[in-house]
Structure formats: structure tokens, C-alpha cells
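Asks: This is the content of final32.cif (mmCIF, C-alpha atoms):
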```cif
data_work
loop_
_atom_site.group_PDB
_atom_site.id
_atom_site.type_symbol
_atom_site.label_atom_id
_atom_site.label_comp_id
_atom_site.auth_asym_id
_atom_site.auth_seq_id
_atom_site.Cartn_x
_atom_site.Cartn_y
_atom_site.Cartn_z
ATOM 1 C CA MET A 28 -23.492 -25.791 -12.899
ATOM 2 C CA PHE A 29 -24.834 -26.805 -9.511
ATOM 3 C CA ASP A 30 -26.634 -24.501 -7.097
ATOM 4 C CA VAL A 31 -24.295 -22.902 -4.540
ATOM 5 C CA ARG A 32 -27.075 -23.004 -1.935
ATOM 6 C CA LYS A 33 -26.970 -26.804 -2.093
ATOM 7 C CA LEU A 34 -23.263 -26.658 -1.212
ATOM 8 C CA ALA A 35 -24.149 -24.756 1.961
ATOM 9 C CA VAL A 36 -26.726 -27.443 2.816
ATOM 10 C CA LEU A 37 -24.211 -30.251 2.219
ATOM 11 C CA THR A 38 -21.630 -28.493 4.371
ATOM 12 C CA GLU A 39 -24.141 -28.088 7.202
ATOM 13 C CA VAL A 40 -25.226 -31.747 7.042
ATOM 14 C CA VAL A 41 -21.609 -32.903 7.276
ATOM 15 C CA ARG A 42 -20.938 -30.456 10.117
ATOM 16 C CA CYS A 43 -24.020 -31.536 12.089
ATOM 17 C CA GLY A 44 -23.737 -35.261 11.341
ATOM 18 C CA SER A 45 -27.424 -35.716 10.549
ATOM 19 C CA MET A 46 -30.072 -34.302 8.261
ATOM 20 C CA SER A 47 -32.462 -33.552 11.117
ATOM 21 C CA ALA A 48 -29.819 -31.521 12.963
ATOM 22 C CA ALA A 49 -28.952 -29.657 9.748
ATOM 23 C CA ALA A 50 -32.654 -28.950 9.215
ATOM 24 C CA ALA A 51 -32.910 -27.451 12.696
ATOM 25 C CA SER A 52 -29.908 -25.148 12.147
ATOM 26 C CA THR A 53 -30.981 -24.019 8.657
ATOM 27 C CA ARG A 54 -34.742 -23.849 9.344
ATOM 28 C CA TYR A 55 -35.429 -26.199 6.440
ATOM 29 C CA THR A 56 -37.483 -29.338 6.915
ATOM 30 C CA THR A 57 -35.653 -32.660 7.023
ATOM 31 C CA SER A 58 -37.438 -33.600 3.812
ATOM 32 C CA ALA A 59 -36.209 -30.411 2.094
ATOM 33 C CA ILE A 60 -32.656 -31.133 3.209
ATOM 34 C CA SER A 61 -32.859 -34.667 1.821
ATOM 35 C CA GLN A 62 -34.265 -33.428 -1.480
ATOM 36 C CA GLN A 63 -31.465 -30.873 -1.920
ATOM 37 C CA ILE A 64 -28.772 -33.460 -1.200
ATOM 38 C CA THR A 65 -30.375 -35.862 -3.701
ATOM 39 C CA ALA A 66 -30.542 -33.120 -6.329
ATOM 40 C CA LEU A 67 -26.887 -32.191 -5.702
ATOM 41 C CA GLU A 68 -25.808 -35.847 -6.056
ATOM 42 C CA ARG A 69 -27.663 -36.000 -9.357
ATOM 43 C CA GLU A 70 -25.956 -32.788 -10.589
ATOM 44 C CA ILE A 71 -22.501 -33.972 -9.468
ATOM 45 C CA GLY A 72 -22.944 -37.583 -10.591
ATOM 46 C CA HIS A 73 -21.561 -38.960 -7.314
ATOM 47 C CA GLN A 74 -22.958 -40.225 -4.040
ATOM 48 C CA LEU A 75 -22.025 -37.612 -1.443
ATOM 49 C CA LEU A 76 -23.346 -39.058 1.833
ATOM 50 C CA VAL A 77 -23.737 -42.452 3.480
ATOM 51 C CA ARG A 78 -26.155 -43.144 6.321
ATOM 52 C CA THR A 79 -24.967 -45.313 9.215
ATOM 53 C CA SER A 80 -26.207 -46.064 12.703
ATOM 54 C CA SER A 81 -23.966 -43.309 14.038
ATOM 55 C CA GLY A 82 -25.283 -40.645 11.638
ATOM 56 C CA VAL A 83 -24.572 -39.267 8.195
ATOM 57 C CA HIS A 84 -20.990 -39.266 6.869
ATOM 58 C CA PRO A 85 -19.463 -37.934 3.635
ATOM 59 C CA THR A 86 -18.180 -40.289 0.982
ATOM 60 C CA PRO A 87 -14.696 -39.545 -0.424
ATOM 61 C CA ALA A 88 -16.359 -37.510 -3.175
ATOM 62 C CA GLY A 89 -18.541 -35.750 -0.598
ATOM 63 C CA ALA A 90 -15.532 -34.897 1.569
ATOM 64 C CA ARG A 91 -13.700 -33.413 -1.412
ATOM 65 C CA LEU A 92 -16.737 -31.365 -2.390
ATOM 66 C CA VAL A 93 -17.088 -30.060 1.165
ATOM 67 C CA ASP A 94 -13.463 -28.876 0.997
ATOM 68 C CA HIS A 95 -14.173 -27.043 -2.261
ATOM 69 C CA ALA A 96 -17.411 -25.661 -0.800
ATOM 70 C CA ALA A 97 -15.530 -23.996 2.054
ATOM 71 C CA ILE A 98 -13.408 -22.064 -0.457
ATOM 72 C CA ILE A 99 -16.367 -21.214 -2.709
ATOM 73 C CA LEU A 100 -18.615 -20.014 0.125
ATOM 74 C CA ALA A 101 -15.797 -17.941 1.673
ATOM 75 C CA ALA A 102 -15.165 -16.286 -1.698
ATOM 76 C CA ILE A 103 -18.843 -15.418 -1.997
ATOM 77 C CA ASP A 104 -18.808 -13.864 1.496
ATOM 78 C CA ASP A 105 -15.732 -11.813 0.572
ATOM 79 C CA ALA A 106 -17.399 -10.628 -2.634
ATOM 80 C CA GLU A 107 -20.529 -9.562 -0.744
ATOM 81 C CA ARG A 108 -18.489 -7.621 1.822
ATOM 82 C CA ASP A 109 -16.427 -5.962 -0.906
ATOM 83 C CA LEU A 110 -19.540 -4.891 -2.807
ATOM 84 C CA ALA A 111 -21.062 -3.582 0.429
ATOM 85 C CA ARG A 112 -17.970 -1.460 1.030
ATOM 86 C CA ALA A 113 -18.123 -0.153 -2.551
ATOM 87 C CA THR A 114 -21.773 0.893 -2.270
ATOM 88 C CA ASN A 115 -21.364 2.222 1.278
ATOM 89 C CA PRO A 116 -17.718 3.363 1.512
ATOM 90 C CA GLU A 117 -18.189 5.366 4.676
ATOM 91 C CA SER A 118 -18.781 2.279 6.798
ATOM 92 C CA GLY A 119 -15.915 0.610 8.622
ATOM 93 C CA VAL A 120 -13.103 1.597 10.952
ATOM 94 C CA VAL A 121 -10.000 3.732 10.458
ATOM 95 C CA ARG A 122 -7.345 3.222 13.137
ATOM 96 C CA ILE A 123 -4.720 5.940 13.618
ATOM 97 C CA ALA A 124 -1.477 5.440 15.543
ATOM 98 C CA SER A 125 -0.048 8.675 16.916
ATOM 99 C CA PHE A 126 2.296 10.034 19.543
ATOM 100 C CA SER A 127 0.616 12.153 22.215
ATOM 101 C CA SER A 128 1.447 15.704 21.090
ATOM 102 C CA ALA A 129 0.265 15.048 17.533
ATOM 103 C CA ALA A 130 -2.825 13.274 18.827
ATOM 104 C CA SER A 131 -3.791 16.310 20.905
ATOM 105 C CA GLU A 132 -2.894 19.048 18.412
ATOM 106 C CA ILE A 133 -3.393 17.670 14.886
ATOM 107 C CA LEU A 134 -5.906 14.851 15.058
ATOM 108 C CA PRO A 135 -8.928 16.461 16.771
ATOM 109 C CA ARG A 136 -9.576 18.952 13.946
ATOM 110 C CA THR A 137 -8.656 16.339 11.339
ATOM 111 C CA VAL A 138 -11.110 13.786 12.723
ATOM 112 C CA ALA A 139 -13.821 16.441 13.050
ATOM 113 C CA ARG A 140 -13.490 17.347 9.364
ATOM 114 C CA MET A 141 -13.491 13.710 8.297
ATOM 115 C CA ARG A 142 -16.616 12.986 10.354
ATOM 116 C CA GLU A 143 -18.476 15.594 8.306
ATOM 117 C CA ALA A 144 -17.840 13.591 5.123
ATOM 118 C CA PHE A 145 -18.056 10.065 6.610
ATOM 119 C CA PRO A 146 -20.291 10.235 9.702
ATOM 120 C CA ARG A 147 -20.664 6.457 10.006
ATOM 121 C CA THR A 148 -16.950 5.659 9.851
ATOM 122 C CA GLU A 149 -15.543 4.811 13.270
ATOM 123 C CA ILE A 150 -12.215 6.466 14.130
ATOM 124 C CA ARG A 151 -9.961 4.809 16.680
ATOM 125 C CA LEU A 152 -6.815 6.402 18.085
ATOM 126 C CA VAL A 153 -3.917 4.194 19.123
ATOM 127 C CA ALA A 154 -1.171 5.676 21.300
ATOM 128 C CA ALA A 155 2.236 4.843 19.807
ATOM 129 C CA ASP A 156 5.511 6.576 19.120
ATOM 130 C CA PRO A 157 6.490 6.749 15.420
ATOM 131 C CA ASP A 158 8.630 3.583 15.481
ATOM 132 C CA ASP A 159 5.923 1.515 17.156
ATOM 133 C CA GLY A 160 3.291 3.143 14.939
ATOM 134 C CA THR A 161 5.004 2.090 11.724
ATOM 135 C CA ASP A 162 5.368 -1.453 13.090
ATOM 136 C CA LEU A 163 1.621 -1.529 13.771
ATOM 137 C CA LEU A 164 0.982 -0.176 10.276
ATOM 138 C CA ARG A 165 3.109 -2.835 8.588
ATOM 139 C CA GLU A 166 1.425 -5.547 10.676
ATOM 140 C CA GLY A 167 -2.034 -4.344 9.632
ATOM 141 C CA GLU A 168 -3.034 -3.286 13.148
ATOM 142 C CA VAL A 169 -3.707 0.327 12.039
ATOM 143 C CA GLU A 170 -4.508 1.996 8.715
ATOM 144 C CA VAL A 171 -2.445 5.166 9.221
ATOM 145 C CA CYS A 172 0.204 6.471 11.609
ATOM 146 C CA VAL A 173 1.753 9.838 12.386
ATOM 147 C CA ILE A 174 5.513 9.879 11.797
ATOM 148 C CA THR A 175 8.390 12.336 12.065
ATOM 149 C CA GLU A 176 11.209 12.724 9.560
ATOM 150 C CA VAL A 177 14.286 14.885 9.049
ATOM 151 C CA PRO A 178 13.749 17.275 6.093
ATOM 152 C CA GLY A 179 16.348 16.634 3.415
ATOM 153 C CA ASP A 180 17.362 13.228 4.785
ATOM 154 C CA ARG A 181 16.570 9.981 3.022
ATOM 155 C CA SER A 182 13.284 8.581 4.323
ATOM 156 C CA GLU A 183 13.422 5.673 6.752
ATOM 157 C CA HIS A 184 10.031 4.520 5.492
ATOM 158 C CA ARG A 185 10.559 4.014 1.774
ATOM 159 C CA ASP A 186 8.246 0.983 1.837
ATOM 160 C CA LEU A 187 5.361 3.186 3.008
ATOM 161 C CA CYS A 188 3.329 5.907 1.352
ATOM 162 C CA THR A 189 3.832 9.194 3.230
ATOM 163 C CA THR A 190 1.849 12.433 3.156
ATOM 164 C CA THR A 191 3.678 15.514 4.462
ATOM 165 C CA LEU A 192 1.638 17.738 6.764
ATOM 166 C CA PHE A 193 4.025 20.494 7.933
ATOM 167 C CA ASP A 194 7.468 21.238 9.356
ATOM 168 C CA ASP A 195 7.442 21.520 13.142
ATOM 169 C CA GLU A 196 9.808 24.193 14.483
ATOM 170 C CA PHE A 197 12.100 23.554 17.471
ATOM 171 C CA PHE A 198 12.440 26.162 20.250
ATOM 172 C CA VAL A 199 15.077 26.685 22.914
ATOM 173 C CA VAL A 200 13.790 25.903 26.414
ATOM 174 C CA LEU A 201 15.679 27.517 29.305
ATOM 175 C CA PRO A 202 15.351 27.617 33.098
ATOM 176 C CA SER A 203 13.547 30.804 34.147
ATOM 177 C CA GLY A 204 16.700 32.189 35.790
ATOM 178 C CA HIS A 205 19.016 31.419 32.869
ATOM 179 C CA ARG A 206 21.466 34.105 31.727
ATOM 180 C CA LEU A 207 19.815 34.157 28.273
ATOM 181 C CA ALA A 208 16.240 34.234 29.547
ATOM 182 C CA ASN A 209 15.974 37.941 28.648
ATOM 183 C CA VAL A 210 16.844 37.657 24.956
ATOM 184 C CA ARG A 211 14.349 37.633 22.100
ATOM 185 C CA GLU A 212 16.042 34.897 20.008
ATOM 186 C CA VAL A 213 18.793 32.552 21.177
ATOM 187 C CA PRO A 214 21.756 31.632 18.924
ATOM 188 C CA LEU A 215 22.555 27.960 19.468
ATOM 189 C CA ALA A 216 26.268 28.781 19.554
ATOM 190 C CA ALA A 217 25.587 30.776 22.743
ATOM 191 C CA LEU A 218 24.588 27.488 24.402
ATOM 192 C CA ALA A 219 27.686 25.537 23.358
ATOM 193 C CA GLY A 220 28.947 25.186 26.926
ATOM 194 C CA GLU A 221 25.594 24.181 28.451
ATOM 195 C CA GLN A 222 24.397 20.834 29.722
ATOM 196 C CA TRP A 223 21.578 19.540 27.503
ATOM 197 C CA VAL A 224 18.432 17.556 28.248
ATOM 198 C CA VAL A 225 17.145 15.489 25.316
ATOM 199 C CA SER A 226 14.149 13.215 24.755
ATOM 200 C CA SER A 227 15.872 10.324 22.979
ATOM 201 C CA ALA A 228 17.594 7.368 24.582
ATOM 202 C CA THR A 229 19.493 6.435 21.441
ATOM 203 C CA GLY A 230 20.172 9.615 19.484
ATOM 204 C CA SER A 231 18.940 7.927 16.294
ATOM 205 C CA CYS A 232 15.314 9.120 16.103
ATOM 206 C CA PRO A 233 14.472 12.107 13.837
ATOM 207 C CA ASP A 234 14.188 14.538 16.775
ATOM 208 C CA ALA A 235 17.610 13.565 18.063
ATOM 209 C CA ARG A 236 19.131 13.869 14.595
ATOM 210 C CA VAL A 237 17.629 17.347 14.145
ATOM 211 C CA PHE A 238 19.129 18.365 17.498
ATOM 212 C CA LEU A 239 22.580 16.951 16.746
ATOM 213 C CA ASP A 240 22.626 18.396 13.211
ATOM 214 C CA SER A 241 21.709 21.834 14.597
ATOM 215 C CA CYS A 242 24.513 21.725 17.144
ATOM 216 C CA ARG A 243 26.930 20.575 14.452
ATOM 217 C CA ARG A 244 25.987 23.524 12.249
ATOM 218 C CA ALA A 245 26.571 25.816 15.246
ATOM 219 C CA ASP A 246 30.059 24.275 15.483
ATOM 220 C CA PHE A 247 29.844 22.454 18.812
ATOM 221 C CA THR A 248 29.221 18.992 20.218
ATOM 222 C CA PRO A 249 26.532 19.062 22.925
ATOM 223 C CA SER A 250 27.148 17.695 26.401
ATOM 224 C CA VAL A 251 24.035 15.699 27.303
ATOM 225 C CA SER A 252 23.259 15.508 31.018
ATOM 226 C CA PHE A 253 19.855 13.766 30.926
ATOM 227 C CA ARG A 254 17.839 11.698 28.462
ATOM 228 C CA ALA A 255 14.101 11.538 29.087
ATOM 229 C CA GLU A 256 11.297 9.488 27.567
ATOM 230 C CA ASP A 257 9.028 12.451 26.777
ATOM 231 C CA TYR A 258 9.080 16.226 26.403
ATOM 232 C CA SER A 259 7.050 16.844 29.567
ATOM 233 C CA THR A 260 9.886 15.288 31.561
ATOM 234 C CA VAL A 261 12.400 17.295 29.516
ATOM 235 C CA GLN A 262 10.654 20.526 30.537
ATOM 236 C CA GLY A 263 10.610 19.424 34.182
ATOM 237 C CA LEU A 264 14.349 18.775 34.145
ATOM 238 C CA VAL A 265 14.982 22.155 32.511
ATOM 239 C CA ALA A 266 12.755 23.870 35.098
ATOM 240 C CA ALA A 267 14.900 22.278 37.818
ATOM 241 C CA ASP A 268 17.946 23.996 36.241
ATOM 242 C CA LEU A 269 19.483 20.678 35.180
ATOM 243 C CA GLY A 270 20.141 21.764 31.609
ATOM 244 C CA VAL A 271 18.673 23.414 28.512
ATOM 245 C CA SER A 272 16.849 21.805 25.614
ATOM 246 C CA LEU A 273 15.445 22.051 22.109
ATOM 247 C CA VAL A 274 11.761 21.128 22.036
ATOM 248 C CA PRO A 275 9.405 21.020 18.989
ATOM 249 C CA SER A 276 6.407 23.327 18.993
ATOM 250 C CA LEU A 277 3.849 20.501 19.127
ATOM 251 C CA ALA A 278 5.264 19.482 22.502
ATOM 252 C CA LEU A 279 5.130 23.094 23.773
ATOM 253 C CA ARG A 280 1.414 23.785 23.439
ATOM 254 C CA SER A 281 1.219 23.479 27.211
ATOM 255 C CA ALA A 282 4.650 24.842 28.128
ATOM 256 C CA ARG A 283 5.399 25.058 31.830
ATOM 257 C CA THR A 284 5.255 28.487 33.456
ATOM 258 C CA ASP A 285 8.633 27.952 35.154
ATOM 259 C CA VAL A 286 10.635 27.672 31.904
ATOM 260 C CA VAL A 287 11.418 30.201 29.168
ATOM 261 C CA VAL A 288 10.719 29.307 25.540
ATOM 262 C CA ARG A 289 12.632 31.247 22.882
ATOM 263 C CA PRO A 290 12.965 30.923 19.086
ATOM 264 C CA VAL A 291 16.326 29.874 17.694
ATOM 265 C CA ALA A 292 18.138 32.790 16.048
ATOM 266 C CA GLY A 293 18.517 32.430 12.294
ATOM 267 C CA THR A 294 17.047 29.459 10.448
ATOM 268 C CA PRO A 295 15.193 27.359 13.042
ATOM 269 C CA PRO A 296 15.628 23.568 13.294
ATOM 270 C CA VAL A 297 12.523 21.655 12.151
ATOM 271 C CA ARG A 298 11.247 18.120 12.012
ATOM 272 C CA ARG A 299 8.745 16.999 9.381
ATOM 273 C CA ILE A 300 5.342 15.724 10.492
ATOM 274 C CA ALA A 301 3.734 13.269 8.076
ATOM 275 C CA LEU A 302 1.101 10.562 7.838
ATOM 276 C CA ALA A 303 2.083 7.101 6.638
ATOM 277 C CA THR A 304 -0.079 4.434 5.010
ATOM 278 C CA THR A 305 0.888 1.106 3.472
ATOM 279 C CA THR A 306 -0.358 2.198 0.021
ATOM 280 C CA ALA A 307 -1.950 5.263 -1.519
ATOM 281 C CA PRO A 308 -5.608 5.249 -0.392
ATOM 282 C CA THR A 309 -8.415 4.706 -2.882
ATOM 283 C CA PRO A 310 -9.900 8.044 -4.014
ATOM 284 C CA GLY A 311 -13.180 8.720 -2.247
ATOM 285 C CA SER A 312 -12.420 6.302 0.603
ATOM 286 C CA PRO A 313 -12.516 7.272 4.296
ATOM 287 C CA LEU A 314 -8.721 6.955 4.458
ATOM 288 C CA ALA A 315 -8.308 9.351 1.514
ATOM 289 C CA ALA A 316 -10.678 11.769 3.258
ATOM 290 C CA LEU A 317 -8.615 11.535 6.438
ATOM 291 C CA LEU A 318 -5.373 12.424 4.623
ATOM 292 C CA SER A 319 -7.098 15.288 2.808
ATOM 293 C CA ALA A 320 -8.505 16.652 6.067
ATOM 294 C CA ALA A 321 -5.079 16.433 7.721
ATOM 295 C CA ARG A 322 -3.484 18.408 4.873
ATOM 296 C CA THR A 323 -6.238 21.009 5.098
ATOM 297 C CA VAL A 324 -5.801 21.375 8.853
ATOM 298 C CA GLY A 325 -2.037 21.730 8.335
ATOM 299 C CA ALA A 326 0.213 23.161 10.993
ATOM 300 C CA PRO A 327 -1.140 24.352 14.340
ATOM 301 C CA ARG A 328 -2.281 27.945 13.967
ATOM 302 C CA SER A 329 -0.445 29.467 16.928
ATOM 303 C CA ARG A 330 3.106 29.411 18.211
ATOM 304 C CA PRO A 331 3.678 27.733 21.557
ATOM 305 C CA SER A 332 3.270 29.584 24.812
ATOM 306 C CA SER A 333 6.581 31.029 25.961
ATOM 307 C CA GLY A 334 6.219 30.412 29.658
ATOM 308 C CA ARG A 335 5.577 32.943 32.417
ATOM 309 C CA ALA A 336 9.148 34.279 32.450
ATOM 310 C CA ALA A 337 8.879 35.268 28.799
ATOM 311 C CA TYR A 338 6.193 37.822 29.659
ATOM 312 C CA THR A 339 7.818 39.332 32.730
ATOM 313 C CA VAL A 340 11.325 40.073 31.456
ATOM 314 C CA PRO A 341 12.039 42.539 28.611
ATOM 315 C CA ALA A 342 13.871 41.094 25.610
ATOM 316 C CA GLN A 343 17.543 41.994 25.285
ATOM 317 C CA PRO A 344 20.160 41.355 22.582
ATOM 318 C CA VAL A 345 22.761 38.651 23.108
ATOM 319 C CA SER A 346 26.312 38.308 21.880
ATOM 320 C CA VAL A 347 28.101 35.039 21.275
ATOM 321 C CA ALA A 348 31.558 34.717 22.771
#
```
Once more with this new file: its structure as C-alpha cells, please.
Replies:
Amino acid sequence: MFDVRKLAVLTEVVRCGSMSAAAASTRYTTSAISQQITALEREIGHQLLVRTSSGVHPTPAGARLVDHAAIILAAIDDAERDLARATNPESGVVRIASFSSAASEILPRTVARMREAFPRTEIRLVAADPDDGTDLLREGEVEVCVITEVPGDRSEHRDLCTTTLFDDEFFVVLPSGHRLANVREVPLAALAGEQWVVSSATGSCPDARVFLDSCRRADFTPSVSFRAEDYSTVQGLVAADLGVSLVPSLALRSARTDVVVRPVAGTPPVRRIALATTTAPTPGSPLAALLSAARTVGAPRSRPSSGRAAYTVPAQPVSVA
């Protein structure tokens, strides 16, 4: 078997076009380069180079060996990197795609816990809604993404490995002067005749399906007056008395003071928050540590702020017509 180091020398000579240039780039002497090429030719049993007035060129056998050398040397580099990762698993980068409310409420404590176990692993956050996040995941642009799902429904991401974190409760958001602003819990049926503000343009995302399913169970079809791109805009439209809404708790951590936030009476609507990866992470890897930390952190510890009006008006019962 011939010496792999001689393959690297041959490749460099062919790349540079002369032995002196290859010597300069490899810090060998020209004589050492020539000796290694001669030894390789003896091991192979073929002439590998020809010298002409324009420089050194590979023979057909030399050209074929250079092609094989590229594959062999690349495989050796891959093996070295893989062994380095195995002996030092905390090195590297973990990229997380997340929508803004999850990024602000779930990921900070998760990343802090992971940093304790893998201090040299770099964490990068990528802003993306769940659909874009899963596209990035499948394309290899991120290692994990935060997704939402409808509990009980068939998963839209059966090709991915998902880790459930918690169920995120939806709350009714009302204008501060709304007729039901005084009640402690709002039955959805009491809002059947209202105009609704929703955050989905299509009605097909998990949040929209949770909203529509909830209205269906309350025996009415909602009249949607506005569709917004994000829940901050939804709250602004509600504050302007342009409708009412259902908003998940993650998006209500910084609820406006000019809206009223109330729990839904009875069983509340929820969406499922989960992390998705392409495959189950290797035990002991930074990615496995990230998922474990996220499960440990779990749901946010406090319920969302209920807005200024919720603290200034006593709660009253409500009847549904």
C-alpha cells in the first residue's frame, strides 16, 4: 500500500504545474518532492508525471491517480472531523428557527441551560414562522425549529422527529369598553355575533384551525373582519374596537393595556408547541441537550397579563342568549 502523504504531494505538483512551486506551497525542498514522486511511481508501477518546457504534467495514469487522490484525501478529512466531534462533542453550531413569541419566552431559558452543559457550542437563532422553519430544517439550514400543532389532529410533519413541549392556551381578547369586559371567563358562544380579528391569511395554519374548531364546538361560524400577519397587530385592531380575538398565551406576555384578556369558559382552546428535528438526536450531543433543556423549561410559568382594564373592573357573571 502506498503512502497517502505521497498522494497529497502528487496532487499539489499537478495543481501547481511544477515541483519547485509545489515545494514552496508544501514547505518541502524540491529534491524532497522529486524523491516522493519517484517513490510513488515505484510503488504504483507507472510513470505519473512528464516534464516539458511548459512545466510538469500528469500522464494518463497520473491523472487517474490524482482523481482517486481527491476522493481519498477528502475521506480522510471527513474522518478526522468526525473523530474530533466524537472526542469534543460540545464544539460546533446549533441553529434554531423560531417564531418571535417562542423565541422570547421559551428559548432564553432553554439556551441558558444548554450553555451550562455545552459552553463551547454556538447557538444561533433564526427568525422564521413554523412553515418557513420546517422548510429550513428540511433543507439543512437549521438543526431544530419550533413548530405549532393542533392536539389530536394528524401531524403535518410526519417526516420529522418532534418533541412536545407544552400546550399553549388561547385567551379571549376584547376592547376595553366591550360589554363582556367585566366578566371573569368568557363563553365563546357569547361572542357568536361579533366581528373577529385573526392572525392567519389562509385559515389553514394550526392557530387558525384551533380558532375555527373552537367556534364550531360553540355552534357558530365566525365573521372575520380583519386578518393580520402577527398577534401584535391583532391586539392593536382589537384595541381600536374593530373586533375581538383569540390569542395564545405566548403572544400575550406583553399584552396591551388598552385591551382586556379573559380565559375562555370551560375547556380552553390550545395549540401544541413542539420542537422538530430531522432525526432523533444522538444521545449526549448538543442537540439532545437542547431538547432536554426545552422539556425541562416547559411551559411559561405565569399566565399572560390581562391588560389594564382587567384590574379596574370587578368581574361579573355572564349569560349566553
Asks: Taking (-33.4, -32.6, 4.3) in the file's coordinates, which residues come within 12 Å, counting only C-alpha atoms, written as a list in words?
Replies: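 Residues satisfying the cut-off, written out: Lys33, Val36, Leu37, Glu39, Val40, Ser45, Met46, Ser47, Ala48, Ala49, Ala50, Ala51, Ser52, Thr53, Arg54, Tyr55, Thr56, Thr57, Ser58, Ala59, Ile60, Ser61, Gln62, Gln63, Ile64, Thr65, Ala66, Leu67 and Val83 of chain A.
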Asks: Decode the PyMOL selection byres ((chain A and resi 221) around 9) for the given file into explicit residues and return them as a PDB file with C-alpha atoms, in the frame of the given file.
Replies:
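Generated file (out-v3.pdb):
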```
ATOM      1  CA  ALA A 217      25.587  30.776  22.743  1.00  0.00           C
ATOM      2  CA  LEU A 218      24.588  27.488  24.402  1.00  0.00           C
ATOM      3  CA  ALA A 219      27.686  25.537  23.358  1.00  0.00           C
ATOM      4  CA  GLY A 220      28.947  25.186  26.926  1.00  0.00           C
ATOM      5  CA  GLN A 222      24.397  20.834  29.722  1.00  0.00           C
ATOM      6  CA  TRP A 223      21.578  19.540  27.503  1.00  0.00           C
ATOM      7  CA  PRO A 249      26.532  19.062  22.925  1.00  0.00           C
ATOM      8  CA  SER A 250      27.148  17.695  26.401  1.00  0.00           C
ATOM      9  CA  VAL A 251      24.035  15.699  27.303  1.00  0.00           C
ATOM     10  CA  GLY A 270      20.141  21.764  31.609  1.00  0.00           C
ATOM     11  CA  VAL A 271      18.673  23.414  28.512  1.00  0.00           C
TER      12      VAL A 271
END
```
Asks: Please identify all polymer residues lying at most 12 Å from the point (-10.2, 14.3, 13.4) (file coordinates), using only C-alpha atoms, and present the result as a PyMOL selection string.
Replies: chain A and resi 121-123+129-146+148-152+313-314+316-324
Asks: Specify the axis-aligned box that encloses all atoms of range 163-182 of chain A listed in the file after padding of 8 Å on each side, stating its centre and edge lengths in Å to one decimal as AutoDock Vina command-line options.
Replies:
```
--center_x 6.4 --center_y 5.9 --center_z 8.4 --size_x 37.9 --size_y 38.8 --size_z 26.7
```
Asks: Evaluate the PyMOL selection byres ((chain A and resi 157) around 12) against this structure - the residues, as a ChimeraX atom specification, please.
Replies: /A:123-130,153-156,158-164,171-176,183-184,232-234,300-303
Asks: Written as a ChimeraX atom specification, what is the full residue list that the PyMOL selection byres ((chain A and resi 91) around 12) yields on the file shown?
Replies: /A:34,37-38,41,71,73-76,85-90,92-98
Asks: Could you check how far CA of Asp186 in chain A sits from CA of Ser227 in chain A, in Å to one decimal?
Replies: 24.3 Å
Asks: Can you tell me which residues surround Gly179 in chain A at a distance of at most 12 Å, considering only C-alpha atoms, apart from same-chain residues fewer than 5 positions away, and format the answer as a list in words?
Replies: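 Contacts, with the query itself left out: Asp194, Pro233, Arg236, Val237, Asp240, Val297, Arg298 and Arg299 of chain A.
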Asks: Could those selected residues go to a file with C-alpha atoms, as a short mmCIF file (atom, residue, chain, number, x, y, z; two decimals), in the frame of the given file?
Replies:
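out_21.cif, freshly written:
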```
data_model
loop_
_atom_site.label_atom_id
_atom_site.label_comp_id
_atom_site.auth_asym_id
_atom_site.auth_seq_id
_atom_site.Cartn_x
_atom_site.Cartn_y
_atom_site.Cartn_z
CA ASP A 194 7.47 21.24 9.36
CA PRO A 233 14.47 12.11 13.84
CA ARG A 236 19.13 13.87 14.60
CA VAL A 237 17.63 17.35 14.14
CA ASP A 240 22.63 18.40 13.21
CA VAL A 297 12.52 21.66 12.15
CA ARG A 298 11.25 18.12 12.01
CA ARG A 299 8.74 17.00 9.38
#
```
Asks: How far is it from CA of Ser276 in chain A to CA of Phe197 in chain A, in Å with one decimal?
Replies: 5.9 Å
